[in-house]
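Undergrad: Next comes input_30.cif, mmCIF, C-alpha atoms and all ligand atoms:
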```cif
data_entry
loop_
_atom_site.label_atom_id
_atom_site.label_comp_id
_atom_site.auth_asym_id
_atom_site.auth_seq_id
_atom_site.Cartn_x
_atom_site.Cartn_y
_atom_site.Cartn_z
CA MET A 1 -41.26 66.30 -124.80
CA THR A 2 -41.28 62.52 -124.44
CA LEU A 3 -37.81 61.18 -123.80
CA SER A 4 -37.32 57.53 -124.54
CA PRO A 5 -37.17 55.77 -121.19
CA GLY A 6 -33.79 54.23 -120.79
CA ALA A 7 -30.18 55.10 -120.49
CA MET A 8 -27.92 57.58 -122.22
CA VAL A 9 -24.13 57.58 -122.59
CA VAL A 10 -22.59 61.05 -122.65
CA ILE A 11 -18.93 61.38 -123.62
CA GLY A 12 -17.50 64.74 -122.52
CA GLY A 13 -20.17 64.86 -119.84
CA SER A 14 -17.98 66.11 -117.00
CA THR A 15 -18.37 69.79 -117.84
CA GLY A 16 -19.91 72.34 -120.19
CA ALA A 17 -22.72 71.47 -122.59
CA GLY A 18 -22.11 67.72 -122.16
CA ARG A 19 -22.65 68.03 -118.44
CA ALA A 20 -25.89 69.95 -119.05
CA VAL A 21 -27.03 67.05 -121.27
CA ALA A 22 -26.19 64.51 -118.57
CA THR A 23 -27.86 66.33 -115.70
CA SER A 24 -30.93 67.26 -117.77
CA PHE A 25 -31.48 63.67 -118.90
CA ALA A 26 -31.14 62.47 -115.31
CA LYS A 27 -33.61 65.13 -114.12
CA ALA A 28 -36.04 63.89 -116.79
CA GLY A 29 -35.90 60.44 -115.22
CA GLY A 30 -33.27 58.73 -117.37
CA THR A 31 -30.14 56.88 -116.34
CA VAL A 32 -26.88 58.51 -117.38
CA TYR A 33 -23.41 57.11 -117.99
CA ALA A 34 -21.13 60.12 -118.31
CA ALA A 35 -17.44 60.16 -119.15
CA GLY A 36 -14.58 62.65 -118.99
CA ARG A 37 -11.03 62.79 -117.72
CA ASP A 38 -10.96 65.10 -114.74
CA GLU A 39 -11.57 63.14 -111.52
CA ASP A 40 -12.75 66.17 -109.51
CA ARG A 41 -15.29 67.22 -112.12
CA LEU A 42 -16.51 63.65 -112.42
CA ALA A 43 -16.86 63.39 -108.63
CA SER A 44 -18.94 66.56 -108.57
CA LEU A 45 -21.11 65.25 -111.41
CA GLN A 46 -21.51 61.90 -109.66
CA LYS A 47 -22.74 63.74 -106.59
CA GLU A 48 -25.28 65.64 -108.67
CA LEU A 49 -26.46 62.53 -110.55
CA ASP A 50 -26.65 60.51 -107.36
CA ASP A 51 -28.35 57.19 -108.14
CA ARG A 52 -29.50 58.41 -111.58
CA GLY A 53 -26.12 57.76 -113.11
CA GLN A 54 -22.54 56.66 -113.09
CA THR A 55 -19.39 58.46 -114.17
CA PHE A 56 -16.35 57.01 -115.93
CA ALA A 57 -12.83 58.44 -116.05
CA LEU A 58 -11.24 57.84 -119.44
CA ASP A 59 -9.21 59.46 -122.17
CA VAL A 60 -11.06 59.40 -125.50
CA THR A 61 -7.78 59.46 -127.42
CA THR A 62 -6.93 55.91 -126.29
CA PRO A 63 -8.19 53.07 -128.51
CA ASP A 64 -9.76 51.13 -125.61
CA ALA A 65 -11.49 54.10 -124.01
CA PHE A 66 -14.97 52.88 -124.90
CA LEU A 67 -14.70 49.25 -123.81
CA PHE A 68 -16.86 50.20 -120.81
CA VAL A 69 -19.83 50.66 -123.15
CA GLY A 70 -19.98 46.92 -123.85
CA ALA A 71 -20.07 46.19 -120.11
CA LEU A 72 -22.96 48.53 -119.23
CA PRO A 73 -26.06 46.88 -117.73
CA ASP A 74 -28.71 45.68 -120.19
CA ALA A 75 -31.43 47.48 -118.25
CA PRO A 76 -32.33 50.20 -118.59
CA ALA A 77 -31.44 49.87 -122.25
CA VAL A 78 -29.08 52.38 -123.81
CA THR A 79 -31.22 54.33 -126.29
CA GLY A 80 -29.27 57.59 -126.40
CA ALA A 81 -25.61 58.32 -127.07
CA VAL A 82 -23.99 61.75 -127.16
CA TYR A 83 -20.43 62.73 -128.04
CA ALA A 84 -19.60 66.21 -126.74
CA ALA A 85 -15.89 65.82 -126.00
CA ALA A 86 -13.50 68.30 -127.55
CA HIS A 87 -9.87 69.18 -126.97
CA ARG A 88 -9.36 72.60 -125.34
CA TYR A 89 -9.53 75.14 -128.15
CA VAL A 90 -6.38 77.15 -128.72
CA PRO A 91 -6.42 79.18 -131.95
CA ALA A 92 -3.33 78.45 -134.06
CA ARG A 93 -2.46 78.76 -137.71
CA LEU A 94 -1.81 75.30 -139.09
CA HIS A 95 1.86 75.91 -139.87
CA HIS A 96 2.42 76.82 -136.22
CA MET A 97 0.80 73.67 -134.87
CA GLY A 98 3.02 70.89 -133.60
CA ASP A 99 2.19 67.34 -134.56
CA ASP A 100 1.22 66.47 -130.98
CA GLU A 101 -1.36 69.25 -130.80
CA LEU A 102 -2.73 68.43 -134.26
CA LEU A 103 -3.12 64.77 -133.33
CA GLN A 104 -4.73 65.69 -130.02
CA VAL A 105 -7.39 67.81 -131.73
CA LEU A 106 -8.18 65.22 -134.37
CA SER A 107 -8.16 62.25 -132.02
CA THR A 108 -10.30 63.97 -129.38
CA ASP A 109 -12.79 65.73 -131.64
CA LEU A 110 -13.15 63.24 -134.51
CA LEU A 111 -11.43 59.88 -134.05
CA GLY A 112 -12.86 59.59 -130.52
CA ALA A 113 -16.35 60.11 -131.93
CA GLU A 114 -15.79 57.35 -134.52
CA ARG A 115 -14.52 54.98 -131.85
CA PHE A 116 -17.41 55.84 -129.58
CA ALA A 117 -19.92 55.26 -132.38
CA ARG A 118 -18.25 51.93 -133.17
CA ALA A 119 -18.61 50.88 -129.53
CA VAL A 120 -22.14 52.09 -128.89
CA LEU A 121 -23.87 51.21 -132.20
CA PRO A 122 -24.19 47.48 -131.40
CA ARG A 123 -26.12 48.45 -128.25
CA LEU A 124 -28.30 51.03 -130.00
CA MET A 125 -29.10 48.58 -132.80
CA THR A 126 -30.72 46.15 -130.36
CA GLN A 127 -33.42 48.72 -129.50
CA PRO A 128 -36.48 49.52 -131.61
CA THR A 129 -35.43 53.17 -131.79
CA SER A 130 -32.36 55.04 -130.60
CA SER A 131 -30.45 58.25 -131.14
CA LEU A 132 -26.79 59.15 -131.56
CA VAL A 133 -25.87 62.83 -131.42
CA PHE A 134 -22.51 64.49 -132.08
CA VAL A 135 -21.84 67.99 -130.80
CA GLY A 136 -20.24 69.78 -133.73
CA SER A 137 -19.44 73.44 -134.20
CA LEU A 138 -20.27 76.44 -136.32
CA ALA A 139 -16.56 76.33 -137.18
CA ALA A 140 -17.35 73.46 -139.56
CA GLN A 141 -19.47 75.77 -141.67
CA VAL A 142 -17.73 79.15 -141.55
CA GLY A 143 -14.06 80.00 -141.64
CA MET A 144 -12.49 80.76 -138.28
CA LYS A 145 -8.95 82.12 -138.11
CA GLY A 146 -6.73 79.73 -136.16
CA GLY A 147 -9.35 77.00 -136.28
CA ALA A 148 -8.26 74.85 -139.24
CA ALA A 149 -7.68 71.65 -137.27
CA TYR A 150 -10.76 72.10 -135.10
CA ALA A 151 -12.97 72.99 -138.09
CA ALA A 152 -11.74 69.97 -140.05
CA ALA A 153 -12.52 67.65 -137.14
CA LYS A 154 -15.98 69.13 -136.64
CA ALA A 155 -16.72 68.99 -140.39
CA GLY A 156 -15.70 65.34 -140.24
CA LEU A 157 -18.38 64.71 -137.63
CA GLU A 158 -21.01 65.87 -140.11
CA GLY A 159 -19.90 63.41 -142.78
CA LEU A 160 -19.73 60.69 -140.15
CA ALA A 161 -23.27 61.43 -138.96
CA ARG A 162 -24.73 61.39 -142.48
CA ASN A 163 -23.15 58.01 -143.20
CA LEU A 164 -24.22 56.47 -139.92
CA ALA A 165 -27.75 57.80 -140.45
CA LEU A 166 -27.78 56.15 -143.87
CA GLU A 167 -26.32 52.83 -142.78
CA TYR A 168 -28.02 52.33 -139.41
CA GLY A 169 -31.47 53.76 -140.09
CA GLN A 170 -32.68 50.26 -140.89
CA TYR A 171 -31.91 49.36 -137.26
CA GLY A 172 -33.92 52.31 -135.94
CA VAL A 173 -30.80 54.31 -135.12
CA ARG A 174 -31.02 58.02 -135.84
CA CYS A 175 -27.83 60.06 -136.04
CA ASN A 176 -27.60 63.84 -136.03
CA VAL A 177 -25.22 66.72 -135.33
CA VAL A 178 -25.97 69.81 -133.30
CA ARG A 179 -23.89 72.75 -134.44
CA PRO A 180 -23.54 75.42 -131.72
CA GLY A 181 -22.18 78.90 -132.20
CA PHE A 182 -20.60 80.66 -129.23
CA ILE A 183 -21.62 78.93 -126.02
CA ASP A 184 -21.77 81.03 -122.86
CA GLY A 185 -19.23 79.17 -120.76
CA ALA A 186 -15.59 78.62 -119.92
CA ARG A 187 -14.37 78.36 -123.53
CA PHE A 188 -15.97 81.64 -124.59
CA ASP A 189 -14.74 83.34 -121.42
CA ALA A 190 -11.19 82.18 -122.12
CA ARG A 191 -11.36 83.47 -125.70
CA THR A 192 -12.57 86.89 -124.60
CA ALA A 193 -10.98 87.26 -121.16
CA ASP A 194 -8.53 89.89 -122.36
CA SER A 195 -10.97 92.07 -124.26
CA ASP A 196 -14.53 93.29 -123.69
CA ALA A 197 -14.42 94.69 -127.24
CA ARG A 198 -13.71 91.22 -128.60
CA ARG A 199 -16.63 89.79 -126.61
CA GLU A 200 -18.92 92.48 -128.01
CA LYS A 201 -17.64 91.86 -131.56
CA LEU A 202 -18.39 88.16 -131.34
CA LEU A 203 -21.80 88.85 -129.84
CA ALA A 204 -22.55 91.24 -132.68
CA GLN A 205 -22.01 88.38 -135.13
CA THR A 206 -25.21 86.77 -133.85
CA THR A 207 -28.48 88.12 -135.19
CA LEU A 208 -30.15 87.74 -131.81
CA GLY A 209 -27.37 89.51 -129.89
CA THR A 210 -27.03 86.69 -127.41
CA LEU A 211 -24.87 83.71 -126.68
CA VAL A 212 -26.15 80.14 -126.72
CA SER A 213 -26.32 78.66 -123.24
CA GLU A 214 -25.12 75.19 -122.31
CA GLN A 215 -28.72 74.42 -121.39
CA ASP A 216 -29.89 75.52 -124.88
CA VAL A 217 -27.54 72.94 -126.38
CA ALA A 218 -28.68 70.29 -123.90
CA ASP A 219 -32.34 70.98 -124.66
CA LEU A 220 -31.71 70.49 -128.39
CA VAL A 221 -29.74 67.29 -127.83
CA LEU A 222 -32.49 65.93 -125.60
CA PHE A 223 -35.09 66.84 -128.22
CA LEU A 224 -33.10 64.90 -130.83
CA CYS A 225 -33.05 61.94 -128.44
CA SER A 226 -36.81 62.14 -127.85
CA ASP A 227 -39.70 60.58 -129.74
CA LYS A 228 -40.61 64.07 -131.00
CA ALA A 229 -37.57 63.82 -133.28
CA ARG A 230 -38.50 60.37 -134.56
CA ALA A 231 -38.33 61.52 -138.20
CA ILE A 232 -35.07 63.47 -137.93
CA THR A 233 -31.87 61.76 -138.99
CA GLY A 234 -28.76 62.72 -140.94
CA ALA A 235 -29.40 66.34 -140.01
CA VAL A 236 -27.08 69.11 -138.90
CA VAL A 237 -29.01 71.48 -136.66
CA ASP A 238 -27.60 74.98 -136.12
CA ILE A 239 -27.98 76.45 -132.66
CA THR A 240 -26.12 79.73 -132.97
CA ALA A 241 -28.47 82.62 -132.16
CA GLY A 242 -28.11 83.40 -135.87
CA ALA A 243 -24.30 83.49 -136.07
CA HIS A 244 -24.38 80.85 -138.83
CA LEU A 245 -26.09 83.35 -141.13
CA ASN A 246 -22.66 84.92 -141.58
CA ARG A 247 -24.10 88.19 -142.77
CA LEU A 248 -22.16 90.20 -145.30
CA TRP A 249 -24.10 93.36 -144.47
N1 LIG B 1 -17.86 76.49 -126.06
C1 LIG B 1 -18.17 76.92 -127.27
O1 LIG B 1 -18.24 78.14 -127.53
C2 LIG B 1 -18.48 75.92 -128.35
C3 LIG B 1 -18.89 76.38 -129.60
C4 LIG B 1 -19.19 75.46 -130.59
C5 LIG B 1 -19.10 74.10 -130.33
N2 LIG B 1 -18.70 73.69 -129.11
C6 LIG B 1 -18.61 72.25 -128.89
O2 LIG B 1 -19.52 71.90 -127.87
C7 LIG B 1 -18.99 70.80 -127.12
C8 LIG B 1 -19.00 71.16 -125.65
O3 LIG B 1 -18.26 72.35 -125.53
P1 LIG B 1 -18.02 73.02 -124.10
O4 LIG B 1 -17.30 74.31 -124.31
O5 LIG B 1 -19.27 73.02 -123.32
O6 LIG B 1 -17.02 71.91 -123.55
P2 LIG B 1 -15.97 71.85 -122.40
O7 LIG B 1 -16.51 72.50 -121.15
O8 LIG B 1 -14.65 72.28 -122.90
O9 LIG B 1 -15.99 70.28 -122.14
C9 LIG B 1 -15.33 69.38 -122.98
C10 LIG B 1 -15.57 67.99 -122.45
O10 LIG B 1 -14.74 67.09 -123.19
C11 LIG B 1 -14.02 66.30 -122.27
N3 LIG B 1 -12.73 65.91 -122.84
C12 LIG B 1 -11.83 66.68 -123.50
N4 LIG B 1 -10.77 65.96 -123.86
C13 LIG B 1 -11.01 64.70 -123.42
C14 LIG B 1 -10.29 63.49 -123.48
N5 LIG B 1 -9.09 63.40 -124.10
N6 LIG B 1 -10.82 62.37 -122.91
C15 LIG B 1 -12.02 62.44 -122.28
N7 LIG B 1 -12.76 63.56 -122.20
C16 LIG B 1 -12.25 64.67 -122.76
C17 LIG B 1 -13.85 67.17 -121.05
O11 LIG B 1 -13.59 66.35 -119.94
P3 LIG B 1 -12.46 66.68 -118.83
O12 LIG B 1 -12.40 68.15 -118.68
O13 LIG B 1 -12.96 65.96 -117.64
O14 LIG B 1 -11.23 66.12 -119.41
C18 LIG B 1 -15.22 67.83 -120.97
O15 LIG B 1 -16.14 66.95 -120.37
C19 LIG B 1 -17.61 70.53 -127.69
O16 LIG B 1 -17.68 69.47 -128.58
C20 LIG B 1 -17.25 71.81 -128.40
O17 LIG B 1 -16.36 71.62 -129.48
C21 LIG B 1 -18.39 74.54 -128.11
#
```
Please re-express this file's structure in structure tokens.

TA:
Amino acid sequence: MTLSPGAMVVIGGSTGAGRAVATSFAKAGGTVYAAGRDEDRLASLQKELDDRGQTFALDVTTPDAFLFVGALPDAPAVTGAVYAAAHRYVPARLHHMGDDELLQVLSTDLLGAERFARAVLPRLMTQPTSSLVFVGSLAAQVGMKGGAAYAAAKAGLEGLARNLALEYGQYGVRCNVVRPGFIDGARFDARTADSDARREKLLAQTTLGTLVSEQDVADLVLFLCSDKARAITGAVVDITAGAHLNRLW
């Protein structure tokens, strides 16, 4: 796979799938600018990236969070941008959700992505080709009890990506969504910590009988940022081990 030489900005890069994107891009020879909130996680990532990248502590729910993007060095040029940040997932029926929690989900998972896109597009547009990827969720496609706010935010990312693909294609900017199912990681562990049976039930909803790894997601994101994906834009790519097939029998 040929990755565009250059730099990539990864929001939500301090842990999970976003971190796998950041470290994989750095290993492939790129320069990474990765952002999150937690100082300890960012310090550990900075250590791993060494001179291949720089970390930024910020809160994506604040309007000025992405000002740093405008101040990044011109070289290597930013040709990749990835938004993987998401508020911690706590299942809750909508009528039980407080306004603070609702706003936190929407502003982390959707509004933050819009603000990030707004900040990074002017940089991407100066390059002959570039790629913007949002990490969505299977929840946008299938119903998930307790996931109304999360699903709405993730579905919003898909509409956002289609519009950006349409409007910025003329500047060589491609925009896509990756839509993971259950990722083997801290979130899945937290959801199933109290019940092996629940873990098995969720696993059985995949056709392949396996979880998606953080590295699987990173590999797909990096593919979408590579020249091999030069004709892919406005797409939503499922990476679910078959869970999106939502079999009835
Ligand atoms: N895990 C799953 O099963 C699953 C399934 C489908 C889709 N997804 C999606 O895949 C993506 C990655 O998921 P994951 O489970 O690997 O993620 P994760 O480990 O929970 O990481 C989330 C990232 O978002 C950052 N973040 C959250 N709120 C933030 C804020 N207000 N300001 C700045 N950064 C913030 C976190 O940084 P700090 O911790 O440093 O604040 C962290 O880097 C997410 O978009 C998620 O919705 C996950």

Undergrad: From the options A:Arg19, A:Lys228, A:Lys145, A:His96, which residue's atoms come nearest to Tyr83 of chain A, counting only C-alpha atoms?

TA: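 Ranking A:Arg19, A:Lys228, A:Lys145, A:His96 by distance to Tyr83 of chain A, first place goes to A:Arg19.
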
Undergrad: From the list A:Ala161, A:Val178, A:Ala28, A:Val69, which residue is nearest ligand LIG 1 (chain B) when using only C-alpha atoms and all ligand atoms?

TA: A:Val178

Undergrad: Taking all atoms listed in the file into account, report as a PyMOL selection string which residues have an atom no farther than 8 Å from an atom of ligand LIG 1 (chain B).

TA: chain A and resi 11-19+35-39+41-42+57-61+83-89+104+108-109+134-139+150+154+179-188+214

Undergrad: Between atom CA of Phe25 of chain A and atom CA of Ala43 of chain A, what is the spacing in Å?

TA: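 According to the coordinates, atom CA of Ala43 of chain A and atom CA of Phe25 of chain A are separated by 17.9 Å.
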
Undergrad: Which one is closest to Ala71 of chain A: A:Val177, A:Ala26, A:Ala119, A:Ala34? Count all atoms listed in the file.

TA: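 Going through A:Val177, A:Ala26, A:Ala119, A:Ala34 one by one, the smallest distance to Ala71 of chain A is for A:Ala119.
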
Undergrad: Could you tell me how far atom CA of Ala113 of chain A sits from atom CA of Val217 of chain A, in Å to one decimal place?

TA: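 Atom CA of Ala113 of chain A lies 17.9 Å from atom CA of Val217 of chain A.
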
Undergrad: Fewer than 4 positions away in the same chain doesn't count, so skip those; otherwise give me all residues within 12 Å of Pro73 of chain A, counting only C-alpha atoms, as a ChimeraX atom specification.

TA: /A:6-9,31-33,53-54,68-69,77-78,123

Undergrad: Need to verify the contact set: Arg93 of chain A, 10 Å, only C-alpha atoms, exclusion of same-chain residues closer than 5 positions in sequence. Can you return it as a list in words?

TA: Lys145, Gly146, Gly147, Ala148 and Ala149 of chain A

Undergrad: In Å, with one decimal, what is the gap from atom CA of Gly30 of chain A to atom CA of Gly80 of chain A?

TA: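 Taking atom CA of Gly30 of chain A as the start and atom CA of Gly80 of chain A as the end point, the length is 9.9 Å.
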
Undergrad: Counting all atoms listed in the file, I want the residues whose atoms come within 8 Å of (-21.8, 84.0, -131.2) in the file frame, returned as a list in words.

TA: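 Answer for this query, in the requested form: Gly181, Phe182, Ile183, Leu202, Leu203, Ala204, Gln205, Thr206, Gly209, Thr210, Leu211, Val212, Thr240, Ala241, Gly242 and Ala243 of chain A.
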
Undergrad: Closest to Met125 of chain A among A:Gly172, A:Gly112, A:Gly143, A:Gly29, using all atoms listed in the file?

TA: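 Closest residue, counting all atoms listed in the file: A:Gly172.
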
Undergrad: Quick one: 8 Å padding each side, axis-aligned, all listed atoms of segment 133-137 of chain A - centre and edge lengths in Å to one decimal, as JSON?

TA:
```
{"center_x": -22.7, "center_y": 68.1, "center_z": -132.5, "size_x": 22.4, "size_y": 26.6, "size_z": 19.4}
```

Undergrad: Kindly indicate which residue among A:Leu49, A:Val173, A:Val236, A:Leu67 lies nearest to Leu132 of chain A, using only C-alpha atoms for the distances.

TA: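 Ranking A:Leu49, A:Val173, A:Val236, A:Leu67 by distance to Leu132 of chain A, first place goes to A:Val173.
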